[in-house]
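*Asks:* To be precise about what I am sending: the file is called start37.cif and holds mmCIF, C-alpha atoms.
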```cif
data_target
#
loop_
_atom_site.label_atom_id
_atom_site.label_comp_id
_atom_site.auth_asym_id
_atom_site.auth_seq_id
_atom_site.Cartn_x
_atom_site.Cartn_y
_atom_site.Cartn_z
CA MET Y 86 -28.64 1.98 -22.14
CA PRO Y 87 -30.66 0.06 -24.82
CA GLU Y 88 -34.25 1.21 -25.18
CA TYR Y 89 -36.61 -1.75 -25.17
CA ARG Y 90 -40.14 -1.37 -26.56
CA LEU Y 91 -43.21 -3.50 -27.12
CA GLY Y 92 -43.93 -4.75 -30.64
CA ARG Y 93 -45.87 -7.34 -32.62
CA LEU Y 94 -44.45 -9.97 -34.92
CA GLY Y 95 -46.58 -12.62 -36.60
CA GLY Y 96 -49.42 -11.80 -34.26
CA ARG Y 97 -47.25 -12.34 -31.15
CA TRP Y 98 -45.90 -9.90 -28.59
CA VAL Y 99 -42.18 -9.23 -28.90
CA VAL Y 100 -39.65 -6.88 -27.30
CA THR Y 101 -37.77 -4.69 -29.79
CA GLU Y 102 -34.65 -2.52 -29.73
CA HIS Y 103 -32.41 -0.66 -32.17
CA ASP Y 104 -29.45 -2.44 -33.75
CA GLU Y 105 -26.05 -0.80 -34.35
CA THR Y 106 -27.37 0.86 -37.56
CA GLY Y 107 -30.35 2.39 -35.77
CA ARG Y 108 -32.86 -0.01 -37.33
CA ARG Y 109 -35.49 -1.35 -34.92
CA ILE Y 110 -35.42 -5.13 -34.68
CA ALA Y 111 -37.33 -7.78 -32.75
CA ARG Y 112 -35.20 -9.09 -29.93
CA SER Y 113 -37.31 -11.79 -28.31
CA TYR Y 114 -40.83 -13.16 -27.99
CA LEU Y 115 -42.30 -12.14 -24.66
CA PHE Y 116 -44.55 -15.18 -24.21
CA ALA Y 117 -43.97 -18.80 -25.10
CA ASP Y 118 -47.43 -19.18 -26.60
CA ASP Y 119 -49.96 -16.48 -27.50
CA ALA Y 120 -52.97 -18.80 -27.63
CA GLU Y 121 -56.41 -17.20 -27.38
CA PRO Y 122 -57.41 -15.13 -25.59
CA GLY Y 123 -53.68 -14.28 -25.25
CA PRO Y 124 -51.87 -11.79 -23.02
CA THR Y 125 -53.22 -8.26 -22.90
CA ARG Y 126 -51.17 -5.21 -23.90
CA ARG Y 127 -50.85 -4.25 -20.26
CA GLU Y 128 -49.45 -7.69 -19.41
CA ALA Y 129 -47.06 -7.46 -22.36
CA GLU Y 130 -45.85 -4.00 -21.32
CA GLU Y 131 -45.13 -5.30 -17.81
CA ARG Y 132 -43.15 -8.19 -19.36
CA VAL Y 133 -41.10 -5.64 -21.37
CA ARG Y 134 -40.21 -3.82 -18.13
CA GLU Y 135 -39.14 -7.10 -16.53
CA TYR Y 136 -37.08 -7.98 -19.60
CA ALA Y 137 -35.37 -4.57 -19.61
CA LEU Y 138 -34.51 -4.79 -15.92
CA SER Y 139 -33.02 -8.28 -16.27
CA ARG Y 140 -30.97 -7.31 -19.34
CA THR Y 141 -29.72 -4.15 -17.66
CA ALA Y 142 -28.77 -6.02 -14.50
CA ARG Y 143 -26.76 -8.59 -16.48
CA SER Y 144 -24.94 -6.02 -18.60
CA ALA Y 145 -24.26 -3.42 -15.88
CA PRO Y 146 -20.64 -3.18 -14.70
CA ASP Y 147 -19.84 -4.36 -11.20
CA ILE Y 148 -18.66 -1.91 -8.56
CA ASN Y 149 -15.05 -2.99 -8.95
CA ALA Y 150 -15.13 -1.83 -12.58
CA LEU Y 151 -16.87 1.43 -11.64
CA TRP Y 152 -14.41 2.16 -8.84
CA GLU Y 153 -11.40 1.61 -11.10
CA ALA Y 154 -12.95 3.66 -13.91
CA TYR Y 155 -13.54 6.55 -11.53
CA ARG Y 156 -9.98 6.33 -10.22
CA ALA Y 157 -8.63 6.33 -13.77
CA GLU Y 158 -10.55 9.53 -14.50
CA LYS Y 159 -9.03 11.14 -11.39
CA THR Y 160 -5.45 10.14 -12.23
CA GLY Y 161 -3.05 12.76 -10.92
CA ARG Y 162 -5.26 13.73 -8.02
CA ARG Y 163 -4.37 12.60 -4.52
CA VAL Y 164 -7.85 11.14 -4.05
CA ALA Y 165 -7.02 8.50 -6.66
CA VAL Y 166 -4.11 7.30 -4.54
CA ALA Y 167 -6.21 7.27 -1.36
CA MET Y 168 -8.96 5.30 -3.10
CA GLU Y 169 -6.45 2.74 -4.36
CA PHE Y 170 -5.51 1.88 -0.77
CA GLU Y 171 -9.15 1.97 0.39
CA TRP Y 172 -10.23 -0.45 -2.32
CA ARG Y 173 -7.77 -3.10 -1.15
CA THR Y 174 -9.94 -3.39 1.95
CA MET Y 175 -13.36 -2.69 0.42
CA LYS Y 176 -13.11 -4.81 -2.73
CA ALA Y 177 -13.96 -8.15 -1.10
CA HIS Y 178 -17.17 -6.71 0.35
CA PHE Y 179 -18.36 -4.52 -2.54
CA GLY Y 180 -16.35 -5.37 -5.66
CA HIS Y 181 -18.49 -8.23 -7.02
CA LEU Y 182 -21.79 -6.39 -6.50
CA LYS Y 183 -23.80 -4.47 -9.07
CA ALA Y 184 -25.08 -0.99 -8.20
CA GLY Y 185 -28.56 -2.41 -7.57
CA ASP Y 186 -27.14 -4.78 -4.97
CA VAL Y 187 -25.99 -1.92 -2.73
CA THR Y 188 -28.61 -1.74 -0.01
CA VAL Y 189 -28.85 -0.23 3.45
CA GLU Y 190 -28.21 -3.71 4.85
CA VAL Y 191 -25.02 -4.10 2.80
CA CYS Y 192 -23.76 -0.73 4.03
CA ARG Y 193 -24.60 -1.53 7.64
CA ALA Y 194 -22.76 -4.84 7.36
CA TRP Y 195 -19.68 -2.90 6.22
CA VAL Y 196 -19.98 -0.51 9.16
CA ALA Y 197 -20.24 -3.45 11.58
CA LYS Y 198 -17.23 -5.16 10.02
CA ARG Y 199 -15.04 -2.05 10.19
CA ARG Y 200 -16.05 -1.32 13.77
CA ALA Y 201 -15.16 -4.90 14.66
CA ASP Y 202 -11.75 -4.16 13.12
CA LYS Y 203 -11.47 -1.21 15.54
CA LYS Y 204 -11.73 1.39 12.77
CA HIS Y 205 -12.92 4.89 13.65
CA ASP Y 206 -16.30 6.03 12.33
CA GLY Y 207 -14.50 8.86 10.55
CA THR Y 208 -12.63 6.31 8.43
CA ILE Y 209 -15.83 4.39 7.68
CA TRP Y 210 -17.64 7.63 6.82
CA THR Y 211 -14.93 8.49 4.28
CA GLU Y 212 -14.88 5.00 2.73
CA LEU Y 213 -18.64 4.90 2.19
CA GLY Y 214 -18.52 8.51 1.02
CA HIS Y 215 -16.15 7.51 -1.76
CA LEU Y 216 -18.46 4.62 -2.68
CA ARG Y 217 -21.38 7.07 -2.90
CA THR Y 218 -19.30 9.41 -5.06
CA VAL Y 219 -18.39 6.58 -7.45
CA LEU Y 220 -22.01 5.48 -7.83
CA LYS Y 221 -23.28 9.03 -8.36
CA TRP Y 222 -20.56 9.57 -10.98
CA ALA Y 223 -21.53 6.30 -12.67
CA ALA Y 224 -25.15 7.41 -12.86
CA ASP Y 225 -24.20 10.87 -14.14
CA THR Y 226 -22.08 9.29 -16.88
CA ARG Y 227 -24.85 6.77 -17.72
CA ARG Y 228 -22.79 3.75 -16.75
CA ILE Y 229 -25.65 2.73 -14.47
CA GLU Y 230 -29.32 3.66 -14.48
CA HIS Y 231 -29.40 5.31 -11.06
CA ALA Y 232 -27.24 5.59 -7.94
CA PRO Y 233 -28.57 3.68 -4.92
CA LYS Y 234 -28.61 5.14 -1.45
CA VAL Y 235 -25.36 4.59 0.47
CA GLU Y 236 -26.01 4.79 4.19
CA ARG Y 237 -23.13 6.08 6.31
CA PRO Y 238 -22.64 6.41 10.05
CA GLN Y 239 -23.03 9.89 11.46
CA LYS Y 240 -20.02 12.04 10.71
CA PRO Y 241 -17.92 12.31 13.87
CA ALA Y 242 -17.42 15.71 15.44
CA PRO Y 243 -14.10 17.33 14.44
CA LYS Y 244 -11.20 16.38 16.66
CA THR Y 245 -10.12 19.07 19.08
CA ARG Y 246 -6.68 17.61 19.78
CA HIS Y 247 -3.81 20.01 19.22
CA LEU Y 248 -0.18 19.96 20.29
CA THR Y 249 1.57 22.24 22.73
CA ARG Y 250 4.76 23.92 21.56
CA ALA Y 251 6.79 21.45 23.66
CA GLU Y 252 4.96 18.52 22.01
CA CYS Y 253 5.67 20.00 18.57
CA ARG Y 254 9.38 20.10 19.32
CA ARG Y 255 9.32 16.52 20.66
CA LEU Y 256 7.52 15.29 17.57
CA ILE Y 257 10.07 16.97 15.27
CA ASP Y 258 13.04 15.69 17.27
CA CYS Y 259 11.69 12.11 17.27
CA ALA Y 260 11.35 11.94 13.48
CA VAL Y 261 14.34 9.77 12.56
CA ALA Y 262 14.06 9.89 8.76
CA PRO Y 263 14.97 13.30 7.29
CA HIS Y 264 11.96 13.36 4.95
CA ILE Y 265 9.57 12.68 7.84
CA ARG Y 266 11.15 15.44 9.92
CA LEU Y 267 10.91 17.90 7.03
CA ALA Y 268 7.27 16.98 6.37
CA ILE Y 269 6.36 17.54 10.03
CA VAL Y 270 8.18 20.88 10.15
CA LEU Y 271 6.39 22.02 7.00
CA MET Y 272 2.95 20.90 8.18
CA LEU Y 273 3.37 22.70 11.49
CA SER Y 274 4.93 25.82 9.99
CA THR Y 275 2.66 26.30 6.97
CA ALA Y 276 -0.63 24.91 8.36
CA ALA Y 277 -0.88 22.85 5.16
CA ARG Y 278 -2.53 19.48 4.73
CA VAL Y 279 -0.22 16.52 4.35
CA GLY Y 280 -1.27 16.14 0.70
CA ALA Y 281 -0.14 19.67 -0.10
CA ILE Y 282 3.25 19.03 1.52
CA LEU Y 283 3.80 15.79 -0.39
CA ASP Y 284 2.81 17.55 -3.63
CA LEU Y 285 5.19 20.46 -3.02
CA THR Y 286 7.94 20.85 -5.64
CA TRP Y 287 11.10 22.93 -5.47
CA ASP Y 288 9.97 25.30 -8.22
CA ARG Y 289 7.33 26.58 -5.78
CA VAL Y 290 9.84 27.25 -3.00
CA ASP Y 291 11.16 30.79 -3.51
CA PHE Y 292 14.18 31.38 -1.26
CA LYS Y 293 14.73 34.86 -2.69
CA ARG Y 294 11.25 36.14 -1.82
CA GLY Y 295 10.97 33.87 1.21
CA VAL Y 296 7.64 32.28 0.27
CA ILE Y 297 6.24 28.80 -0.28
CA ASP Y 298 3.52 28.38 -2.90
CA LEU Y 299 1.40 25.41 -1.87
CA ARG Y 300 -0.99 25.81 -4.80
CA LEU Y 301 -1.06 23.49 -7.78
CA LYS Y 302 -1.08 24.89 -11.29
CA SER Y 303 -3.73 22.37 -12.32
CA SER Y 304 -7.12 21.90 -10.70
CA ALA Y 305 -5.98 18.56 -9.30
CA THR Y 306 -7.46 19.32 -5.90
CA ARG Y 307 -10.53 21.17 -4.67
CA LYS Y 308 -8.98 21.81 -1.26
CA GLY Y 309 -7.83 25.38 -0.69
CA ARG Y 310 -4.08 25.95 -0.69
CA ALA Y 311 -2.13 29.07 0.13
CA VAL Y 312 1.05 31.02 -0.51
CA VAL Y 313 2.78 31.42 2.86
CA PRO Y 314 6.00 33.10 4.01
CA MET Y 315 8.95 31.11 5.31
CA ASN Y 316 9.97 31.60 8.89
CA ASP Y 317 13.64 31.21 9.84
CA GLY Y 318 13.23 27.63 11.02
CA VAL Y 319 11.56 26.49 7.80
CA ARG Y 320 14.13 28.29 5.68
CA SER Y 321 17.02 26.47 7.36
CA GLU Y 322 15.26 23.09 7.09
CA LEU Y 323 14.46 23.64 3.41
CA ALA Y 324 17.98 24.85 2.62
CA ARG Y 325 19.42 21.69 4.18
CA ALA Y 326 16.96 19.50 2.28
CA LYS Y 327 17.65 21.30 -1.01
CA LYS Y 328 21.36 20.69 -0.64
CA ALA Y 329 20.79 16.97 -0.03
CA SER Y 330 18.12 16.59 -2.73
CA VAL Y 331 18.80 14.02 -5.45
CA MET Y 332 15.84 14.40 -7.82
CA GLU Y 333 15.45 18.15 -7.22
CA LEU Y 334 11.74 17.91 -8.00
CA HIS Y 335 9.64 17.02 -4.96
CA VAL Y 336 10.60 18.65 -1.68
CA ILE Y 337 9.65 15.50 0.25
CA GLU Y 338 11.57 12.67 -1.38
CA TYR Y 339 12.72 9.24 -0.29
CA LYS Y 340 15.09 6.92 -2.14
CA SER Y 341 15.34 9.43 -4.97
CA GLY Y 342 11.60 9.58 -5.58
CA PRO Y 343 8.39 11.27 -4.46
CA VAL Y 344 6.58 10.05 -1.36
CA GLN Y 345 2.97 8.87 -1.51
CA SER Y 346 2.43 8.48 2.23
CA ILE Y 347 4.27 9.31 5.46
CA LYS Y 348 1.89 7.31 7.65
CA THR Y 349 4.44 4.76 8.89
CA GLY Y 350 7.22 7.24 9.62
CA PHE Y 351 4.83 9.79 11.13
CA ASN Y 352 3.25 7.23 13.46
CA ALA Y 353 6.71 6.06 14.53
CA ALA Y 354 7.65 9.64 15.45
CA VAL Y 355 4.39 10.08 17.37
CA LYS Y 356 5.07 6.90 19.36
CA ALA Y 357 8.70 7.83 20.04
CA ALA Y 358 7.58 11.26 21.27
CA GLY Y 359 5.21 9.63 23.76
CA LEU Y 360 2.14 11.23 22.14
CA SER Y 361 -1.28 9.79 21.40
CA ASP Y 362 -4.24 10.54 19.14
CA VAL Y 363 -2.03 12.51 16.74
CA THR Y 364 -2.50 12.39 12.96
CA PRO Y 365 -0.94 14.58 10.26
CA HIS Y 366 -4.11 16.69 10.27
CA VAL Y 367 -3.50 17.48 13.94
CA CYS Y 368 -0.42 19.41 12.78
CA ARG Y 369 -2.58 21.67 10.62
CA HIS Y 370 -5.07 22.15 13.45
CA THR Y 371 -2.22 22.86 15.87
CA ALA Y 372 -0.80 25.57 13.61
CA ALA Y 373 -4.17 27.31 13.40
CA VAL Y 374 -4.74 27.11 17.17
CA HIS Y 375 -1.30 28.57 17.91
CA MET Y 376 -1.91 31.48 15.53
CA ALA Y 377 -5.30 32.17 17.13
CA GLU Y 378 -3.83 31.99 20.64
CA ALA Y 379 -1.22 34.56 19.59
CA GLY Y 380 -3.99 36.97 18.55
CA ILE Y 381 -3.43 36.70 14.79
CA PRO Y 382 -6.52 38.09 12.99
CA MET Y 383 -8.93 35.48 11.66
CA ASP Y 384 -8.61 36.70 8.05
CA GLU Y 385 -4.84 36.07 8.17
CA ILE Y 386 -5.33 32.61 9.64
CA ALA Y 387 -7.90 31.93 6.91
CA GLN Y 388 -5.32 32.84 4.28
CA TYR Y 389 -2.81 30.45 5.83
CA LEU Y 390 -5.39 27.66 5.83
CA GLY Y 391 -6.50 28.36 2.27
CA HIS Y 392 -10.07 29.18 3.36
CA ASP Y 393 -11.99 31.38 0.92
CA ASP Y 394 -14.29 32.60 3.68
CA SER Y 395 -12.84 33.69 7.05
CA ARG Y 396 -16.20 32.95 8.68
CA ILE Y 397 -15.35 29.25 8.32
CA THR Y 398 -12.09 29.90 10.16
CA SER Y 399 -13.80 31.92 12.87
CA ARG Y 400 -16.34 29.20 13.63
CA VAL Y 401 -13.53 26.79 14.50
CA TYR Y 402 -10.68 28.93 15.79
CA ALA Y 403 -12.04 32.23 17.15
CA ARG Y 404 -12.54 30.67 20.60
CA PHE Y 405 -8.77 30.19 20.91
CA SER Y 406 -8.08 33.91 20.53
CA PRO Y 407 -7.28 35.75 23.79
CA LYS Y 408 -9.64 38.53 22.65
CA HIS Y 409 -12.53 36.20 21.86
CA LEU Y 410 -15.72 37.54 23.53
CA ARG Y 411 -13.54 39.54 25.92
CA GLY Y 412 -15.37 42.81 25.24
CA ALA Y 413 -18.74 41.15 25.80
CA SER Y 414 -17.48 39.61 29.02
CA ASN Y 415 -16.32 42.98 30.35
CA VAL Y 416 -19.75 44.48 29.73
CA LEU Y 417 -21.22 41.80 31.98
CA ASP Y 418 -18.89 42.53 34.91
CA TYR Y 419 -21.19 43.67 37.72
CA VAL Y 420 -18.64 43.27 40.53
CA SER Y 421 -15.36 45.00 39.75
CA GLN Y 422 -16.61 47.68 37.36
CA PRO Y 423 -17.16 51.12 39.04
CA ARG Y 424 -20.73 52.19 39.53
CA GLN Y 425 -22.14 54.50 36.89
CA ASP Y 426 -23.69 57.88 37.65
CA GLY Y 427 -27.34 57.62 38.54
CA GLU Y 428 -27.22 53.96 39.58
CA ASP Y 429 -29.66 53.29 42.37
CA ASP Y 430 -27.92 51.33 45.07
CA ALA Y 431 -31.28 50.24 46.40
CA GLY Y 432 -32.15 48.61 43.06
#
```
For the structure just supplied, provide its representation as structure tokens.

*Replies:*
Amino acid sequence: MPEYRLGRLGGRWVVTEHDETGRRIARSYLFADDAEPGPTRREAEERVREYALSRTARSAPDINALWEAYRAEKTGRRVAVAMEFEWRTMKAHFGHLKAGDVTVEVCRAWVAKRRADKKHDGTIWTELGHLRTVLKWAADTRRIEHAPKVERPQKPAPKTRHLTRAECRRLIDCAVAPHIRLAIVLMLSTAARVGAILDLTWDRVDFKRGVIDLRLKSSATRKGRAVVPMNDGVRSELARAKKASVMELHVIEYKSGPVQSIKTGFNAAVKAAGLSDVTPHVCRHTAAVHMAEAGIPMDEIAQYLGHDDSRITSRVYARFSPKHLRGASNVLDYVSQPRQDGEDDAG
């Protein structure tokens, strides 16, 4: 950002700045006429601040430029792809604005618009979260002077929907396209996020050792990913897909190329299976619930989910375990438990 200062030239107040060589030069007279008694220094300093603000506002990039610059920096990360699709919707509302134009009222207008379009608050929360991230990044990299407040709706409570085993089988059977079926099987069987499944390449599928490495060699994602064993069902599905693979790079491929999104095919399978309120993330949640219900220890479930801290896993999934609070409940059994020695029947 240029640094504007107060100066004097020919007895008149001027605003000065450095040129490209570092030499300080007079940029503009601050007052049309400095007739006696003339503006005071305090008045001139206030005019410098006004001048700096107006110049900064005119030269600052609009949000469209900031959004695209941020996406370019995140090339190779799945968030860049997600933000490309988001911006197709958000650009008309935010793209022409400068950072200083983003107000609480502008954000609330976006919330109202998206709700009128029947969009879930979780979607709106994510969209405005990405806008806040872009503006904070722009301020940190000195593209703008400061990041304005981006008001978001309250984050919705996590969805509790999970599939029964019968629903899982129906969902798999109703996936017509082979790549959609394979993606669903992998999400349910590895407890991985859809992004990790779409990123998975054959060099990380080890048939000999019977493991799937969901991790990326680069730091292209901050989300935890795991190395998980293959069960027999996954092994047979992967072997079939490997035999039919054309590119032999990405496990999930369509028309000889990687797949960016399975939204359309997944939703079609959900509808054909007669299910509702099911997203790809429900598959991950379902896998964790089924492991907890089977009594799998929380630290093992945490490893499957890629959680660094099993306490995070316990907060969400411990209640599904058949042993959860069972010992505490037994202590509080005052009816069927035998009386202890010395108990006074009279109370």

*Asks:* Name the residues captured by the PyMOL selection byres ((chain Y and resi 365) around 8) when it is applied to the shown file; answer as a list in words.

*Replies:* Ile269, Met272, Arg278, Val279, Phe351, Val363, Thr364, His366, Val367, Cys368 and Arg369 of chain Y

*Asks:* What's the 12 Å shell around Cys253 of chain Y, counting only C-alpha atoms, without same-chain residues fewer than 2 positions away, as an mmCIF file with C-alpha atoms, in the frame of the given file?

*Replies:*
```cif
data_model
loop_
_atom_site.group_PDB
_atom_site.id
_atom_site.type_symbol
_atom_site.label_atom_id
_atom_site.label_comp_id
_atom_site.auth_asym_id
_atom_site.auth_seq_id
_atom_site.Cartn_x
_atom_site.Cartn_y
_atom_site.Cartn_z
ATOM 1 C CA HIS Y 247 -3.810 20.010 19.220
ATOM 2 C CA LEU Y 248 -0.180 19.960 20.290
ATOM 3 C CA THR Y 249 1.570 22.240 22.730
ATOM 4 C CA ARG Y 250 4.760 23.920 21.560
ATOM 5 C CA ALA Y 251 6.790 21.450 23.660
ATOM 6 C CA ARG Y 255 9.320 16.520 20.660
ATOM 7 C CA LEU Y 256 7.520 15.290 17.570
ATOM 8 C CA ILE Y 257 10.070 16.970 15.270
ATOM 9 C CA ASP Y 258 13.040 15.690 17.270
ATOM 10 C CA CYS Y 259 11.690 12.110 17.270
ATOM 11 C CA ALA Y 260 11.350 11.940 13.480
ATOM 12 C CA ARG Y 266 11.150 15.440 9.920
ATOM 13 C CA ILE Y 269 6.360 17.540 10.030
ATOM 14 C CA VAL Y 270 8.180 20.880 10.150
ATOM 15 C CA LEU Y 271 6.390 22.020 7.000
ATOM 16 C CA MET Y 272 2.950 20.900 8.180
ATOM 17 C CA LEU Y 273 3.370 22.700 11.490
ATOM 18 C CA SER Y 274 4.930 25.820 9.990
ATOM 19 C CA ALA Y 354 7.650 9.640 15.450
ATOM 20 C CA VAL Y 355 4.390 10.080 17.370
ATOM 21 C CA ALA Y 358 7.580 11.260 21.270
ATOM 22 C CA GLY Y 359 5.210 9.630 23.760
ATOM 23 C CA LEU Y 360 2.140 11.230 22.140
ATOM 24 C CA VAL Y 363 -2.030 12.510 16.740
ATOM 25 C CA PRO Y 365 -0.940 14.580 10.260
ATOM 26 C CA VAL Y 367 -3.500 17.480 13.940
ATOM 27 C CA CYS Y 368 -0.420 19.410 12.780
ATOM 28 C CA ARG Y 369 -2.580 21.670 10.620
ATOM 29 C CA THR Y 371 -2.220 22.860 15.870
ATOM 30 C CA ALA Y 372 -0.800 25.570 13.610
ATOM 31 C CA HIS Y 375 -1.300 28.570 17.910
#
```

*Asks:* Kindly resolve the PyMOL selection byres ((chain Y and resi 340) around 12) on the present coordinates and return the residues as a VMD selection string.

*Replies:* chain Y and resid 262 to 264 329 to 332 335 337 to 339 341 to 344

*Asks:* Give me a file of those residues, with C-alpha atoms, as an mmCIF file, in the coordinates of the input.

*Replies:*
```
data_model
loop_
_atom_site.group_PDB
_atom_site.id
_atom_site.type_symbol
_atom_site.label_atom_id
_atom_site.label_comp_id
_atom_site.auth_asym_id
_atom_site.auth_seq_id
_atom_site.Cartn_x
_atom_site.Cartn_y
_atom_site.Cartn_z
ATOM 1 C CA ALA Y 262 14.060 9.890 8.760
ATOM 2 C CA PRO Y 263 14.970 13.300 7.290
ATOM 3 C CA HIS Y 264 11.960 13.360 4.950
ATOM 4 C CA ALA Y 329 20.790 16.970 -0.030
ATOM 5 C CA SER Y 330 18.120 16.590 -2.730
ATOM 6 C CA VAL Y 331 18.800 14.020 -5.450
ATOM 7 C CA MET Y 332 15.840 14.400 -7.820
ATOM 8 C CA HIS Y 335 9.640 17.020 -4.960
ATOM 9 C CA ILE Y 337 9.650 15.500 0.250
ATOM 10 C CA GLU Y 338 11.570 12.670 -1.380
ATOM 11 C CA TYR Y 339 12.720 9.240 -0.290
ATOM 12 C CA SER Y 341 15.340 9.430 -4.970
ATOM 13 C CA GLY Y 342 11.600 9.580 -5.580
ATOM 14 C CA PRO Y 343 8.390 11.270 -4.460
ATOM 15 C CA VAL Y 344 6.580 10.050 -1.360
#
```

*Asks:* Quick one: pull the distance between atom CA of Val166 of chain Y and atom CA of Gly280 of chain Y, Å, one decimal.

*Replies:*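 Distance between the two atoms: 10.7 Å.
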
*Asks:* Which residues are close to Met383 of chain Y, i.e. within 8 Å by all atoms listed in the file, leaving aside same-chain residues fewer than 6 positions away? Reply as a ChimeraX atom specification.

*Replies:* /Y:377,395,398-399,402-403

*Asks:* Suppose a student applies the PyMOL selection byres ((chain Y and resi 291-296) around 6) to this structure; what residues should they get, written as a list in words?

*Replies:*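 Taken over the shown coordinates, the PyMOL selection byres ((chain Y and resi 291-296) around 6) returns Val290, Ile297, Val313, Pro314 and Met315 of chain Y.
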
*Asks:* Tell me which protein, DNA and RNA residues are within 12 Å of Ala154 of chain Y, counting only C-alpha atoms, leaving out same-chain ones fewer than 2 positions away, and put them as a PyMOL selection string.

*Replies:* chain Y and resi 146-152+156-160+165+168-169+219-220+222-223+226+228

*Asks:* May I have the selected residues written with C-alpha atoms, as a compact mmCIF listing (two decimals), in the frame of the given file?

*Replies:*
```txt
# COMPACT_ATOMS: atom_id res chain seq x y z
CA PRO Y 146 -20.64 -3.18 -14.70
CA ASP Y 147 -19.84 -4.36 -11.20
CA ILE Y 148 -18.66 -1.91 -8.56
CA ASN Y 149 -15.05 -2.99 -8.95
CA ALA Y 150 -15.13 -1.83 -12.58
CA LEU Y 151 -16.87 1.43 -11.64
CA TRP Y 152 -14.41 2.16 -8.84
CA ARG Y 156 -9.98 6.33 -10.22
CA ALA Y 157 -8.63 6.33 -13.77
CA GLU Y 158 -10.55 9.53 -14.50
CA LYS Y 159 -9.03 11.14 -11.39
CA THR Y 160 -5.45 10.14 -12.23
CA ALA Y 165 -7.02 8.50 -6.66
CA MET Y 168 -8.96 5.30 -3.10
CA GLU Y 169 -6.45 2.74 -4.36
CA VAL Y 219 -18.39 6.58 -7.45
CA LEU Y 220 -22.01 5.48 -7.83
CA TRP Y 222 -20.56 9.57 -10.98
CA ALA Y 223 -21.53 6.30 -12.67
CA THR Y 226 -22.08 9.29 -16.88
CA ARG Y 228 -22.79 3.75 -16.75
```

*Asks:* Rounded to one decimal in Å, what is the spacing between atom CA of Val189 of chain Y and atom CA of Asp225 of chain Y?

*Replies:*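 Between atom CA of Val189 of chain Y and atom CA of Asp225 of chain Y the gap is 21.3 Å.
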
*Asks:* Any idea what the distance is between atom CA of Leu334 of chain Y and atom CA of Thr286 of chain Y?

*Replies:*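 Those two atoms sit 5.4 Å apart.
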
*Asks:* With distances taken over all atoms listed in the file, which residue among Y:Ala224, Y:Ala167, Y:Ala277, Y:Ile209 lies nearest Gly185 of chain Y?

*Replies:*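 Among the listed residues, Y:Ala224 lies closest to Gly185 of chain Y.
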